[in-house]
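Reviewing the structure listed below.
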Amino acid sequence: MRMLHNNVLVTEAKQESKSAGGIILTKDIDKAVKPAVVLGASVAVATAHPELSIGTEVYLDWKESMPITVNGEKAAIVHINNIKAIL
């Protein structure tokens with residue numbers, strides 16, 4: 001999939017933590033504040049924002065994203081203006 005214009009393809013970042021006993025806990029965080037991982041960006045975005053490479057974790061406005069499924073995986077397309085921070 002190739003992004004057009006100023007769009008970025010992201011997916012939710014996996015956040016797991018372990019308890020003292022080694023049990024894996026998956027946090028149930030409000031999607032509005034959950035970080036995302038960049039899967040791809042348009043040429044315009046990649047040129048203007050080289051720090052947004054594949055695998056970069058970002059915070060974005062999830063309400064402004066367009067949910068999609070890519071190869072059976074949930075993802076979202078978001079405009080560059082809706083990415084608020086890079087981790």
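Here's how to read the names in the structure tokens: chain A, B, ... by the order shown, residue numbers from 1 in each chain, ligand numbers from 1 in the order shown.
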
Residues within 6 Å of Thr11 in chain A, please, as a VMD selection string. Count only C-alpha atoms; anything in the same chain fewer than 6 positions from it doesn't count. chain A and resid 36 to 37 75

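In terms of minimum interatomic distance to Asn82 in chain A, A:Glu64 ranks closest within A:Glu64, A:Glu12, A:Glu57, A:Glu51, counting only C-alpha atoms.
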
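Distances to Ala41 in chain A were evaluated for A:Ser65, A:Ser53, A:Asn81, A:Asn71 using only C-alpha atoms, and the minimum falls at A:Ser53.
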
Determine, counting only C-alpha atoms, which protein, DNA and RNA residues have an atom within 10 Å of an atom of Ala13 in chain A; residues of the same chain fewer than 6 positions away are not included. Present the result as a PyMOL selection string. chain A and resi 34-38+55-59

Members of range 26-67 of chain A assigned strand (DSSP E or B) by DSSP, as a ChimeraX atom specification: /A:26,36-41,57-60,66-67

Now that the selection is made, can you save its residues with C-alpha atoms as a PDB file, in the first residue's frame?
```pdb
ATOM      1  CA  THR A  26      -2.226  -5.914  28.487  1.00  0.00           C
ATOM      2  CA  ALA A  36       0.860   4.218  17.387  1.00  0.00           C
ATOM      3  CA  VAL A  37       3.660   2.823  15.225  1.00  0.00           C
ATOM      4  CA  VAL A  38       4.320   4.201  11.726  1.00  0.00           C
ATOM      5  CA  LEU A  39       3.942   1.532   9.015  1.00  0.00           C
ATOM      6  CA  GLY A  40       4.380   3.819   6.004  1.00  0.00           C
ATOM      7  CA  ALA A  41       4.274   7.427   4.840  1.00  0.00           C
ATOM      8  CA  GLU A  57       6.227   5.506  17.725  1.00  0.00           C
ATOM      9  CA  VAL A  58       3.932   8.533  17.651  1.00  0.00           C
ATOM     10  CA  TYR A  59       0.951   9.990  19.457  1.00  0.00           C
ATOM     11  CA  LEU A  60      -1.911  11.078  17.244  1.00  0.00           C
ATOM     12  CA  MET A  66      -9.487   6.328   9.012  1.00  0.00           C
ATOM     13  CA  PRO A  67      -9.500   2.697  10.243  1.00  0.00           C
TER      14      PRO A  67
END
```

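Distances here use only C-alpha atoms; by that measure, the residue among A:Ala85, A:Leu9, A:Arg2, A:Ile80 closest to Val45 in chain A is A:Ile80.
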
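Using only C-alpha atoms, the shortest contact distance between Ser42 in chain A and any of A:Val78, A:Leu4, A:Ile68, A:Val10 is found at A:Leu4.
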
As an exercise, work out the distance from CA of Val43 in chain A to CA of Ile77 in chain A in Å and give it to one decimal place. 14.6 Å

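Between CA of Thr47 in chain A and CA of Lys63 in chain A the separation is 25.6 Å.
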
Grab the CA of Asn6 in chain A to CA of Pro50 in chain A distance for me, in Å with one decimal place. 13.1 Å
